[in-house]
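Raw contents of start-v7.csv, CSV, C-alpha atoms:
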chain,number,residue,atom,x,y,z
A,1,MET,CA,-62.4,26.1,17.7
A,2,ASP,CA,-65.6,24.3,18.5
A,3,SER,CA,-66.4,21.9,21.2
A,4,LYS,CA,-65.7,18.7,19.2
A,5,ALA,CA,-62.6,16.6,19.7
A,6,GLN,CA,-59.8,17.8,17.5
A,7,THR,CA,-59.1,14.4,16.0
A,8,PRO,CA,-56.8,15.4,13.0
A,9,GLN,CA,-54.7,17.7,15.2
A,10,ASP,CA,-54.4,15.1,18.0
A,11,PHE,CA,-53.2,12.6,15.3
A,12,ALA,CA,-50.7,15.0,13.9
A,13,VAL,CA,-49.2,16.0,17.2
A,14,GLY,CA,-49.2,12.4,18.5
A,15,VAL,CA,-47.5,10.9,15.5
A,16,SER,CA,-44.9,13.8,15.4
A,17,VAL,CA,-44.0,13.1,19.1
A,18,LEU,CA,-43.7,9.4,18.4
A,19,LEU,CA,-41.5,9.9,15.3
A,20,VAL,CA,-39.2,12.4,17.0
A,21,THR,CA,-38.8,10.0,19.9
A,22,VAL,CA,-38.0,7.0,17.7
A,23,ILE,CA,-35.5,8.9,15.6
A,24,GLY,CA,-33.9,10.4,18.7
A,25,VAL,CA,-33.4,7.0,20.2
A,26,LEU,CA,-31.9,5.5,17.0
A,27,ALA,CA,-29.6,8.5,16.5
A,28,PHE,CA,-28.3,9.2,20.0
A,29,VAL,CA,-28.3,5.9,21.9
A,30,GLN,CA,-24.8,4.3,21.4
A,31,GLY,CA,-24.3,0.6,21.4
A,32,SER,CA,-27.9,-0.2,20.7
A,33,ALA,CA,-29.1,-2.7,18.2
A,34,VAL,CA,-28.4,-0.1,15.4
A,35,GLY,CA,-24.7,-0.3,15.9
A,36,VAL,CA,-24.7,-3.8,14.5
A,37,TYR,CA,-25.8,-2.5,11.2
A,38,GLU,CA,-23.2,0.2,11.0
A,39,SER,CA,-21.0,0.6,8.0
A,40,PRO,CA,-22.1,-2.4,6.0
A,41,ASP,CA,-19.2,-1.7,3.6
A,42,VAL,CA,-16.7,-3.1,6.0
A,43,GLN,CA,-18.8,-6.2,6.6
A,44,ARG,CA,-19.1,-6.7,2.9
A,45,ASN,CA,-15.4,-6.1,2.2
A,46,GLN,CA,-14.0,-8.2,5.0
A,47,PRO,CA,-14.5,-11.6,3.2
A,48,ILE,CA,-13.0,-10.0,0.0
A,49,ALA,CA,-9.9,-8.9,1.9
A,50,ASP,CA,-9.6,-12.3,3.5
A,51,ARG,CA,-9.9,-14.0,0.1
A,52,ALA,CA,-7.3,-11.7,-1.4
A,53,GLY,CA,-4.9,-12.3,1.5
A,54,THR,CA,-5.3,-16.0,1.2
A,55,TYR,CA,-4.8,-15.9,-2.5
A,56,LEU,CA,-1.6,-14.0,-2.2
A,57,VAL,CA,-0.1,-16.2,0.6
A,58,GLU,CA,-1.1,-19.5,-1.1
A,59,ASN,CA,-0.2,-18.5,-4.6
A,60,TYR,CA,3.2,-16.9,-3.9
A,61,SER,CA,4.4,-19.4,-1.3
A,62,VAL,CA,7.6,-21.4,-1.9
A,63,ALA,CA,6.5,-24.8,-3.1
A,64,GLY,CA,5.9,-27.2,-0.2
A,65,THR,CA,6.0,-24.5,2.6
A,66,ARG,CA,3.5,-22.4,4.4
A,67,ASN,CA,3.6,-18.7,4.7
A,68,HIS,CA,7.1,-18.4,3.0
A,69,VAL,CA,6.3,-15.9,0.3
A,70,ARG,CA,8.5,-15.7,-2.8
A,71,TYR,CA,9.6,-12.1,-3.0
A,72,ASN,CA,12.4,-11.2,-5.4
A,73,THR,CA,12.4,-14.2,-7.7
A,74,SER,CA,10.8,-14.3,-11.2
A,75,GLY,CA,7.1,-15.0,-10.6
A,76,GLY,CA,7.4,-13.7,-7.1
A,77,ILE,CA,5.1,-11.3,-5.4
A,78,ASN,CA,7.2,-8.3,-6.2
A,79,ALA,CA,7.6,-8.9,-9.9
A,80,SER,CA,3.9,-9.8,-10.3
A,81,LEU,CA,2.5,-6.9,-8.5
A,82,ASN,CA,5.0,-4.4,-10.1
A,83,ALA,CA,3.9,-5.7,-13.5
A,84,ASP,CA,0.3,-5.2,-12.6
A,85,THR,CA,-1.8,-2.1,-13.4
A,86,ASP,CA,-2.1,0.7,-10.9
A,87,ASP,CA,-5.4,-0.7,-9.5
A,88,LEU,CA,-4.1,-4.3,-9.4
A,89,ARG,CA,-6.5,-5.5,-12.1
A,90,ASP,CA,-4.6,-8.7,-12.7
A,91,LEU,CA,-4.6,-9.6,-9.0
A,92,LYS,CA,-8.2,-8.9,-8.7
A,93,GLU,CA,-9.0,-11.1,-11.7
A,94,LYS,CA,-7.0,-14.0,-10.4
A,95,ALA,CA,-8.3,-13.8,-6.9
A,96,GLY,CA,-11.9,-13.7,-8.1
A,97,LEU,CA,-12.6,-10.1,-6.9
A,98,ILE,CA,-14.1,-8.8,-10.1
A,99,VAL,CA,-17.7,-8.8,-8.8
A,100,ALA,CA,-19.1,-5.7,-10.4
A,101,THR,CA,-22.8,-5.7,-11.2
A,102,GLU,CA,-25.2,-3.0,-12.2
A,103,ARG,CA,-25.4,-1.8,-8.6
A,104,ARG,CA,-22.0,-2.6,-7.3
A,105,VAL,CA,-18.5,-1.5,-8.3
A,106,ASN,CA,-15.4,-3.6,-8.0
A,107,PRO,CA,-13.5,-3.4,-4.7
A,108,ARG,CA,-10.3,-1.3,-4.6
A,109,VAL,CA,-7.4,-3.2,-3.2
A,110,ASN,CA,-4.1,-2.1,-1.6
A,111,VAL,CA,-1.4,-4.6,-0.7
A,112,THR,CA,1.3,-3.6,1.8
A,113,VAL,CA,4.3,-5.4,3.3
A,114,VAL,CA,5.2,-4.3,6.9
A,115,ASN,CA,8.6,-5.3,8.1
A,116,ALA,CA,9.7,-6.5,11.6
A,117,SER,CA,11.1,-3.2,13.0
A,118,THR,CA,7.9,-1.3,12.0
A,119,LEU,CA,5.8,-4.0,13.7
A,120,GLU,CA,7.9,-3.6,16.8
A,121,ALA,CA,7.0,0.1,16.8
A,122,GLY,CA,3.3,-0.9,16.4
A,123,ALA,CA,3.1,1.0,13.0
A,124,ARG,CA,1.8,-0.1,9.6
A,125,THR,CA,4.0,1.9,7.2
A,126,PRO,CA,5.2,-0.1,4.2
A,127,ALA,CA,8.7,-1.5,4.2
A,128,VAL,CA,11.3,-0.1,1.8
A,129,ASP,CA,13.6,-2.5,0.0
A,130,ASP,CA,17.3,-2.1,-1.0
A,131,HIS,CA,16.5,-0.1,-4.1
A,132,GLY,CA,14.5,2.5,-2.1
A,133,GLU,CA,11.2,1.1,-3.5
A,134,ARG,CA,8.2,1.0,-1.1
A,135,LEU,CA,6.6,-2.4,-0.8
A,136,ALA,CA,3.0,-1.1,-1.3
A,137,TRP,CA,0.9,-1.7,-4.4
A,138,GLY,CA,-2.5,-0.4,-5.4
A,139,PRO,CA,-4.2,2.9,-4.7
A,140,SER,CA,-3.5,4.7,-1.4
A,141,THR,CA,-5.9,4.3,1.5
A,142,ASP,CA,-5.3,7.9,2.7
A,143,GLY,CA,-8.5,9.6,3.7
A,144,ARG,CA,-10.6,6.5,3.0
A,145,THR,CA,-13.2,5.4,5.4
A,146,ASN,CA,-14.8,1.9,5.9
A,147,VAL,CA,-11.6,0.1,4.9
A,148,ALA,CA,-11.6,-3.6,5.7
A,149,SER,CA,-8.2,-5.1,6.2
A,150,THR,CA,-6.7,-8.5,6.7
A,151,SER,CA,-3.2,-9.2,8.0
A,152,ARG,CA,-1.2,-12.3,7.2
A,153,VAL,CA,2.0,-13.2,9.0
A,154,VAL,CA,4.7,-14.2,6.5
A,155,LYS,CA,8.4,-14.3,5.8
A,156,LEU,CA,9.6,-13.1,2.5
A,157,THR,CA,12.4,-15.0,0.8
A,158,ASN,CA,15.7,-13.1,0.3
A,159,ALA,CA,14.5,-9.9,1.9
A,160,THR,CA,17.8,-9.4,3.7
A,161,GLY,CA,16.8,-9.5,7.4
A,162,GLN,CA,13.7,-7.2,7.1
A,163,CYS,CA,11.5,-10.2,7.9
A,164,ASP,CA,13.5,-11.3,10.9
A,165,PRO,CA,11.5,-12.7,12.7
A,166,VAL,CA,8.3,-11.9,10.8
A,167,CYS,CA,6.7,-9.6,8.2
A,168,TRP,CA,3.0,-8.8,7.8
A,169,LEU,CA,1.2,-8.8,4.5
A,170,VAL,CA,-1.6,-6.4,4.9
A,171,VAL,CA,-4.5,-6.4,2.3
A,172,ARG,CA,-6.9,-3.5,2.5
A,173,VAL,CA,-10.2,-3.4,0.6
A,174,TRP,CA,-12.7,-0.6,0.3
B,1,MET,CA,-68.8,-13.8,-10.7
B,2,ARG,CA,-68.0,-11.8,-7.5
B,3,GLY,CA,-66.1,-14.8,-6.0
B,4,GLN,CA,-63.9,-15.0,-9.1
B,5,ALA,CA,-63.1,-11.3,-8.7
B,6,TYR,CA,-62.0,-11.8,-5.1
B,7,THR,CA,-59.8,-14.8,-6.1
B,8,LEU,CA,-58.2,-12.8,-8.9
B,9,GLU,CA,-57.6,-9.9,-6.5
B,10,GLY,CA,-55.9,-12.2,-4.0
B,11,VAL,CA,-53.7,-13.8,-6.6
B,12,LEU,CA,-52.6,-10.4,-8.0
B,13,ALA,CA,-51.9,-9.1,-4.5
B,14,ALA,CA,-49.7,-12.1,-3.7
B,15,ILE,CA,-47.8,-11.7,-7.0
B,16,VAL,CA,-47.1,-8.0,-6.1
B,17,VAL,CA,-45.8,-9.0,-2.6
B,18,VAL,CA,-43.6,-11.8,-3.9
B,19,THR,CA,-42.2,-9.6,-6.6
B,20,ALA,CA,-41.4,-6.8,-4.2
B,21,THR,CA,-39.6,-9.3,-1.8
B,22,VAL,CA,-37.5,-10.8,-4.6
B,23,TYR,CA,-36.6,-7.4,-6.0
B,24,GLY,CA,-35.7,-6.1,-2.5
B,25,LEU,CA,-33.6,-9.1,-1.6
B,26,SER,CA,-31.6,-8.8,-4.9
B,27,ALA,CA,-30.8,-5.2,-4.1
B,28,VAL,CA,-29.1,-5.8,-0.7
B,29,ASP,CA,-26.2,-8.1,0.2
B,30,THR,CA,-27.3,-10.7,2.6
B,31,GLY,CA,-24.7,-12.4,4.7
B,32,PRO,CA,-24.3,-14.0,8.1
B,33,PHE,CA,-25.0,-11.7,11.1
B,34,GLN,CA,-21.6,-10.8,12.5
B,35,THR,CA,-20.8,-8.5,15.4
B,36,GLY,CA,-17.6,-6.5,15.7
B,37,THR,CA,-16.2,-9.0,18.3
B,38,GLN,CA,-16.6,-11.9,16.0
B,39,GLN,CA,-14.8,-10.1,13.2
B,40,ARG,CA,-12.0,-9.2,15.5
B,41,ILE,CA,-11.7,-12.8,16.7
B,42,ALA,CA,-11.6,-14.1,13.2
B,43,ALA,CA,-8.8,-11.7,12.4
B,44,LEU,CA,-6.8,-12.9,15.4
B,45,GLU,CA,-7.4,-16.5,14.5
B,46,THR,CA,-5.8,-15.9,11.1
B,47,ARG,CA,-2.8,-14.3,12.7
B,48,ALA,CA,-2.4,-17.0,15.4
B,49,SER,CA,-2.5,-19.9,12.9
B,50,ASP,CA,-0.2,-18.0,10.5
B,51,THR,CA,2.3,-17.4,13.3
B,52,LEU,CA,2.3,-21.1,14.4
B,53,SER,CA,2.5,-22.3,10.8
B,54,LEU,CA,5.4,-20.0,10.1
B,55,ALA,CA,7.2,-21.0,13.3
B,56,ALA,CA,6.7,-24.7,12.5
B,57,GLU,CA,8.0,-24.1,9.0
B,58,THR,CA,11.2,-22.3,10.1
B,59,GLY,CA,11.8,-24.8,12.9
B,60,ALA,CA,11.5,-22.1,15.5
B,61,LEU,CA,8.5,-23.9,17.1
B,62,HIS,CA,10.4,-27.1,17.3
B,63,ASN,CA,13.4,-25.4,18.8
B,64,ALA,CA,11.3,-23.6,21.4
B,65,THR,CA,9.6,-26.9,22.4
B,66,ALA,CA,12.9,-28.8,22.7
B,67,CYS,CA,14.2,-25.8,24.7
B,68,TYR,CA,11.4,-25.2,27.2
B,69,SER,CA,12.3,-26.1,30.8
B,70,VAL,CA,15.9,-26.9,29.7
B,71,GLY,CA,17.1,-23.4,28.8
B,72,THR,CA,14.0,-21.2,29.2
B,73,PRO,CA,11.8,-20.8,32.2
B,74,THR,CA,8.8,-19.5,30.1
B,75,LEU,CA,8.0,-19.0,26.5
B,76,ASN,CA,6.5,-15.5,26.1
B,77,GLY,CA,7.0,-12.6,23.8
B,78,ASN,CA,8.0,-10.2,26.5
B,79,GLN,CA,11.5,-11.4,26.2
B,80,THR,CA,12.4,-11.2,29.9
B,81,GLY,CA,15.4,-13.4,30.4
B,82,SER,CA,15.4,-15.2,27.0
B,83,SER,CA,14.8,-14.2,23.4
B,84,THR,CA,14.3,-17.2,21.2
B,85,GLU,CA,13.2,-16.8,17.7
B,86,PHE,CA,9.7,-18.1,18.5
B,87,GLU,CA,9.4,-15.5,21.3
B,88,MET,CA,10.5,-12.7,19.0
B,89,MET,CA,7.7,-13.8,16.5
B,90,LEU,CA,5.2,-13.7,19.4
B,91,ASN,CA,6.5,-10.3,20.5
B,92,ARG,CA,6.2,-8.6,17.1
B,93,THR,CA,2.9,-10.2,16.1
B,94,PHE,CA,1.0,-10.0,19.4
B,95,ASP,CA,2.7,-8.2,22.3
B,96,ARG,CA,3.6,-5.2,20.3
B,97,GLN,CA,0.1,-5.0,18.8
B,98,GLY,CA,-1.6,-5.0,22.2
B,99,ASN,CA,-2.9,-8.5,22.3
B,100,GLN,CA,-2.8,-10.9,25.3
B,101,TYR,CA,-2.3,-14.6,25.0
B,102,ASN,CA,-1.6,-17.8,26.8
B,103,LEU,CA,0.6,-20.5,25.4
B,104,TYR,CA,0.0,-24.2,26.3
B,105,LEU,CA,2.0,-27.3,25.6
B,106,SER,CA,0.0,-30.5,25.8
B,107,TYR,CA,1.9,-33.8,25.9
B,108,TRP,CA,1.5,-37.5,26.6
B,109,ASN,CA,2.3,-38.8,30.1
B,110,SER,CA,4.9,-41.5,30.7
B,111,ASP,CA,2.7,-44.5,29.6
B,112,SER,CA,0.9,-42.5,26.9
B,113,SER,CA,-2.5,-43.1,28.5
B,114,ALA,CA,-3.5,-39.5,29.1
B,115,ARG,CA,-2.4,-36.0,28.0
B,116,GLN,CA,-1.2,-33.3,30.3
B,117,THR,CA,-1.2,-29.6,29.7
B,118,ALA,CA,1.3,-27.0,30.9
B,119,LEU,CA,0.9,-23.3,30.7
B,120,VAL,CA,4.3,-22.2,29.5
B,121,SER,CA,3.8,-18.5,29.0
B,122,GLN,CA,4.1,-16.1,31.8
B,123,GLU,CA,0.9,-15.4,33.9
B,124,THR,CA,1.0,-11.6,33.9
B,125,GLY,CA,-1.5,-9.6,35.8
B,126,GLU,CA,-3.4,-8.6,32.7
B,127,ASN,CA,-3.9,-12.0,31.2
B,128,VAL,CA,-5.2,-13.5,34.4
B,129,ALA,CA,-7.6,-10.7,35.2
B,130,ASP,CA,-9.0,-9.9,31.8
B,131,ARG,CA,-9.5,-13.3,30.3
B,132,PRO,CA,-12.5,-12.8,28.1
B,133,ALA,CA,-15.2,-15.1,26.9
B,134,ASP,CA,-14.2,-14.6,23.3
B,135,ALA,CA,-10.8,-15.9,22.3
B,136,ALA,CA,-9.1,-17.2,19.2
B,137,VAL,CA,-7.3,-20.5,19.3
B,138,ALA,CA,-4.7,-22.0,17.0
B,139,THR,CA,-2.8,-25.3,17.4
B,140,GLU,CA,0.2,-26.9,15.9
B,141,THR,CA,1.7,-30.3,16.6
B,142,VAL,CA,5.4,-31.1,17.1
B,143,THR,CA,6.8,-34.6,17.1
B,144,LEU,CA,9.9,-35.3,19.1
B,145,THR,CA,12.1,-38.3,18.8
B,146,ASP,CA,14.6,-39.9,21.2
B,147,ASP,CA,17.7,-38.7,19.5
B,148,MET,CA,16.7,-35.1,18.9
B,149,PRO,CA,19.0,-32.8,20.7
B,150,ALA,CA,17.6,-30.6,23.4
B,151,ARG,CA,18.0,-26.9,22.7
B,152,ILE,CA,19.9,-24.7,25.1
B,153,GLY,CA,20.8,-21.0,25.5
B,154,ASP,CA,18.6,-18.9,23.2
B,155,CYS,CA,17.2,-22.2,21.8
B,156,SER,CA,19.6,-22.4,18.8
B,157,GLY,CA,22.5,-24.2,20.5
B,158,THR,CA,22.2,-28.0,20.7
B,159,GLY,CA,22.5,-30.0,23.9
B,160,PRO,CA,22.3,-33.7,24.7
B,161,PRO,CA,19.5,-35.9,23.2
B,162,LEU,CA,16.1,-35.4,24.8
B,163,SER,CA,16.0,-38.9,26.2
B,164,ALA,CA,19.2,-38.1,28.2
B,165,VAL,CA,18.1,-34.8,29.6
B,166,ASP,CA,16.9,-34.8,33.2
B,167,GLY,CA,15.0,-31.5,33.5
B,168,TYR,CA,12.8,-31.8,30.4
B,169,PHE,CA,9.1,-31.3,31.0
B,170,ALA,CA,7.7,-34.1,28.9
B,171,PRO,CA,8.5,-37.8,29.7
B,172,ASP,CA,9.4,-40.4,27.1
B,173,ALA,CA,5.8,-41.6,26.2
B,174,GLU,CA,6.9,-44.7,24.3
B,175,PRO,CA,10.3,-45.9,25.7
B,176,ASP,CA,10.3,-48.8,23.2
B,177,SER,CA,10.0,-46.7,20.1
B,178,VAL,CA,12.0,-43.9,18.6
B,179,VAL,CA,9.2,-41.4,19.2
B,180,TYR,CA,9.8,-39.5,22.4
B,181,ASN,CA,6.6,-37.5,22.7
B,182,VAL,CA,4.0,-35.6,20.6
B,183,VAL,CA,3.5,-32.1,21.8
B,184,GLU,CA,0.6,-30.0,20.8
B,185,VAL,CA,1.3,-26.3,21.0
B,186,ARG,CA,-1.9,-24.3,21.7
B,187,LEU,CA,-2.0,-20.5,21.4
B,188,VAL,CA,-5.1,-18.8,23.1
B,189,LEU,CA,-5.3,-15.2,22.1
B,190,TRP,CA,-7.6,-12.3,22.8
Kindly transcribe the structure held in the file into C-alpha cells.
Amino acid sequence: MDSKAQTPQDFAVGVSVLLVTVIGVLAFVQGSAVGVYESPDVQRNQPIADRAGTYLVENYSVAGTRNHVRYNTSGGINASLNADTDDLRDLKEKAGLIVATERRVNPRVNVTVVNASTLEAGARTPAVDDHGERLAWGPSTDGRTNVASTSRVVKLTNATGQCDPVCWLVVRVW
Amino acid sequence: MRGQAYTLEGVLAAIVVVTATVYGLSAVDTGPFQTGTQQRIAALETRASDTLSLAAETGALHNATACYSVGTPTLNGNQTGSSTEFEMMLNRTFDRQGNQYNLYLSYWNSDSSARQTALVSQETGENVADRPADAAVATETVTLTDDMPARIGDCSGTGPPLSAVDGYFAPDAEPDSVVYNVVEVRLVLW
C-alpha cells in the first residue's frame, strides 16, 4: 500500500454501500412508491375480469331487464357454461378474452355463483343446485396467487329461492 | 468529411435509441396508473349500481321508497325493526361484506323549485366517524304517481294512495298532474 489515494478501492466500496442502501430501502420499506408496482398481474387481469363479468351479465340477462340472469333455460348461463370446454374456451372467445401473443398467454377464467345464505355468512363458496351440481365453471383457483376478481350482483331466474334476495356472480381471472 | 461522419454517427445513435424504446414499450403492458384504493372503489361502484339496478328491476326499490317514513323509520341493511326486501339486499351485499354506506333520498319540494335530500339510512357510529375521502356512488331514479299505494308493514302490503297519506316524507311536487314526485336514490359506499 503506497501513499497515493486508493481510487479504485474507494470507488468499489462507495458503490457497494450505495447499492446495498438502495436495495435495502426498496426491499424493506413498506408502503413506499414500490408498492404501487406490485403484482402487475392483478392490474392487468382486472379489466379482463370486469369485461368477462359484464359480458356474462349482459348476454344472459332476460330480455328487457337488468341483472336478471337466465339460469336453467335453454341458452341460459347454466346450459352454455356446462356445454363449454373445461377452460371455458367458448366464453373466452365470445367475451373477447383470447389475447395470446408471443409473450403472453390467455387468461384463465373461473365463474362462480354464490347464493344468498353463503353471502350472509360472508363466504364465497359456490352454490349447489337441486341436482347436487356446484355452480362453478372453469379451473379451480385453489393455490393461485394474483387472482383478479369482479363480483356482479344478480338474481338467477328459477333458482328456487337461492337468490332471495340476491346472488353474486363472481368472475376470477389469473 | 469529418463533419459528415459526425452527422452519420448522430443519426445512427438516434435510430438505436428509438428502436430500443419502441421494442421496450412493446414488451410491457402500459395502462393507466391505478392504486389499490382506486381499484377497490371501482369494484364497489359496480356492486352498488348492480344492487340498485336489481332493486329497481324487481320493484323492491320502489316499494322501499313508497314505504319510507310510512312504515319504516330507516332504510338500512342492519334490519333492526324492519326487514324489507331492499334492506335484505343491502344487508347481503354490503353489511355482511364489511362495507359501510349511507343511503339518501333526494326529492322535489312542494312547488318543484328545488330538491331536498334526506339521509334515510341509520347514522351508526362507524359511518359517521370513518367517512373517508374515497367513496363509490350509485344512483337510481324512482317516479311516483298520485294514485300509487303507499307501502306498509315490511313494505309489501299496500296502504292508501300516496297523495292521501299524511306522514309521507315527500310532498306532492306537481298537484295538478298525475306525477307525485321524482325521487333519486343515492347510495354512497366505502
Original post:
So what do you get for atom CA of Glu87 of chain B versus atom CA of Leu52 of chain B, distance-wise?
Top reply: 11.4 Å
Counting only C-alpha atoms, what is within 10 Å of Ala164 of chain B, bar same-chain residues fewer than 6 positions away, as a PDB file with C-alpha atoms, keeping the file's coordinate frame?
ATOM      1  CA  ASP B 146      14.600 -39.900  21.200  1.00  0.00           C
ATOM      2  CA  ASP B 147      17.700 -38.700  19.500  1.00  0.00           C
ATOM      3  CA  PRO B 149      19.000 -32.800  20.700  1.00  0.00           C
ATOM      4  CA  ALA B 150      17.600 -30.600  23.400  1.00  0.00           C
TER       5      ALA B 150
END
Original post:
Skipping near chain neighbours, those fewer than 6 positions away, what residues fall within 12 Å of segment 57-72 of chain A using all atoms listed in the file, listed as a PyMOL selection string?
Top reply: (chain A and resi 50-51+78-82+91+94-95+111+113+129-131+135+150-160+162-163+166-171) or (chain B and resi 46-47+49-59)
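Rounded to one decimal, atom CA of Ala66 of chain B and atom CA of Phe86 of chain B lie 11.9 Å from each other.
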Set out as CSV a contact list for chain B and chain A with a cut-off of 12 Å, giving each residue of chain B that qualifies its closest atom pair and distance in Å to one decimal, counting all atoms listed in the file, ordered by chain and rising residue number.
residue,atom,partner,partner_atom,distance
B:Ser26,CA,A:Arg103,CA,10.1
B:Ala27,CA,A:Arg103,CA,7.8
B:Val28,CA,A:Arg103,CA,9.6
B:Asp29,CA,A:Arg44,CA,7.7
B:Thr30,CA,A:Arg44,CA,9.1
B:Gly31,CA,A:Arg44,CA,8.2
B:Pro32,CA,A:Gln43,CA,9.7
B:Phe33,CA,A:Val36,CA,8.6
B:Gln34,CA,A:Val36,CA,7.9
B:Thr35,CA,A:Val36,CA,6.2
B:Gly36,CA,A:Val36,CA,7.7
B:Thr37,CA,A:Val36,CA,10.7
B:Gln38,CA,A:Gln43,CA,11.2
B:Gln39,CA,A:Gln46,CA,8.5
B:Arg40,CA,A:Thr150,CA,10.3
B:Ile41,CA,A:Thr150,CA,12.0
B:Ala42,CA,A:Thr150,CA,9.9
B:Ala43,CA,A:Thr150,CA,6.9
B:Leu44,CA,A:Ser151,CA,9.0
B:Glu45,CA,A:Arg152,CA,10.5
B:Thr46,CA,A:Arg152,CA,7.0
B:Arg47,CA,A:Arg152,CA,6.1
B:Ala48,CA,A:Val153,CA,8.6
B:Ser49,CA,A:Val153,CA,9.0
B:Asp50,CA,A:Val153,CA,5.5
B:Thr51,CA,A:Val153,CA,6.0
B:Leu52,CA,A:Val153,CA,9.6
B:Ser53,CA,A:Arg66,CA,6.5
B:Leu54,CA,A:Asn67,CA,5.8
B:Ala55,CA,A:Pro165,CA,9.4
B:Ala56,CA,A:Arg66,CA,9.0
B:Glu57,CA,A:Arg66,CA,6.7
B:Thr58,CA,A:His68,CA,9.1
B:Gly59,CA,A:Thr65,CA,11.8
B:Ala60,CA,A:Pro165,CA,9.8
B:Gly77,CA,A:Glu120,CA,11.4
B:Asn78,CA,A:Glu120,CA,11.7
B:Ser83,CA,A:Pro165,CA,11.3
B:Thr84,CA,A:Pro165,CA,10.0
B:Glu85,CA,A:Pro165,CA,6.7
B:Phe86,CA,A:Pro165,CA,8.1
B:Glu87,CA,A:Pro165,CA,9.3
B:Met88,CA,A:Pro165,CA,6.4
B:Met89,CA,A:Pro165,CA,5.5
B:Leu90,CA,A:Pro165,CA,9.3
B:Asn91,CA,A:Glu120,CA,7.8
B:Arg92,CA,A:Glu120,CA,5.3
B:Thr93,CA,A:Leu119,CA,7.3
B:Phe94,CA,A:Leu119,CA,9.6
B:Asp95,CA,A:Glu120,CA,8.9
B:Arg96,CA,A:Glu120,CA,5.8
B:Gln97,CA,A:Gly122,CA,5.7
B:Gly98,CA,A:Gly122,CA,8.6
B:Asn99,CA,A:Gly122,CA,11.4
Residues at most 9 Å from Lys92 of chain A, counting all atoms listed in the file, excluding those fewer than 3 positions away in the same chain, as a PDB file with C-alpha atoms, keeping the file's coordinate frame?
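And here is the file that came out, around_32.pdb:
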ATOM      1  CA  ALA A  52      -7.300 -11.700  -1.400  1.00  0.00           C
ATOM      2  CA  ASP A  87      -5.400  -0.700  -9.500  1.00  0.00           C
ATOM      3  CA  LEU A  88      -4.100  -4.300  -9.400  1.00  0.00           C
ATOM      4  CA  ARG A  89      -6.500  -5.500 -12.100  1.00  0.00           C
ATOM      5  CA  ALA A  95      -8.300 -13.800  -6.900  1.00  0.00           C
ATOM      6  CA  GLY A  96     -11.900 -13.700  -8.100  1.00  0.00           C
ATOM      7  CA  LEU A  97     -12.600 -10.100  -6.900  1.00  0.00           C
ATOM      8  CA  ILE A  98     -14.100  -8.800 -10.100  1.00  0.00           C
ATOM      9  CA  ASN A 106     -15.400  -3.600  -8.000  1.00  0.00           C
ATOM     10  CA  PRO A 107     -13.500  -3.400  -4.700  1.00  0.00           C
ATOM     11  CA  ARG A 108     -10.300  -1.300  -4.600  1.00  0.00           C
ATOM     12  CA  VAL A 109      -7.400  -3.200  -3.200  1.00  0.00           C
TER      13      VAL A 109
END
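Counting from atom CA of Ala135 of chain B, the distance to atom CA of Asn102 of chain B is 10.4 Å.
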Taking a cut-off of 8 Å and counting all atoms listed in the file, can you build a table that, for each residue of segment 67-91 of chain B near segment 165-187 of chain B, reports the nearest atom pair and how far apart they are in Å (one decimal), sorted by chain then residue number, as a Markdown table?
| residue | atom | partner | partner_atom | distance |
| --- | --- | --- | --- | --- |
| B:Tyr68 | CA | B:Tyr168 | CA | 7.5 |
| B:Ser69 | CA | B:Tyr168 | CA | 5.7 |
| B:Val70 | CA | B:Tyr168 | CA | 5.8 |
**OP:** Would you be able to write out as a VMD selection string which residues have an atom within 7 Å of (4.4, -26.8, 25.9) in the file's coordinates, counting only C-alpha atoms?
**Re:** chain B and resid 65 104 to 106 118 to 120 183 185
Would you mind exporting the chosen residues as a short mmCIF file (atom, residue, chain, number, x, y, z; two decimals), in the coordinates of the input, restricted to C-alpha atoms?
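File produced: part_18.cif:
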data_model
loop_
_atom_site.label_atom_id
_atom_site.label_comp_id
_atom_site.auth_asym_id
_atom_site.auth_seq_id
_atom_site.Cartn_x
_atom_site.Cartn_y
_atom_site.Cartn_z
CA THR B 65 9.60 -26.90 22.40
CA TYR B 104 0.00 -24.20 26.30
CA LEU B 105 2.00 -27.30 25.60
CA SER B 106 0.00 -30.50 25.80
CA ALA B 118 1.30 -27.00 30.90
CA LEU B 119 0.90 -23.30 30.70
CA VAL B 120 4.30 -22.20 29.50
CA VAL B 183 3.50 -32.10 21.80
CA VAL B 185 1.30 -26.30 21.00
#
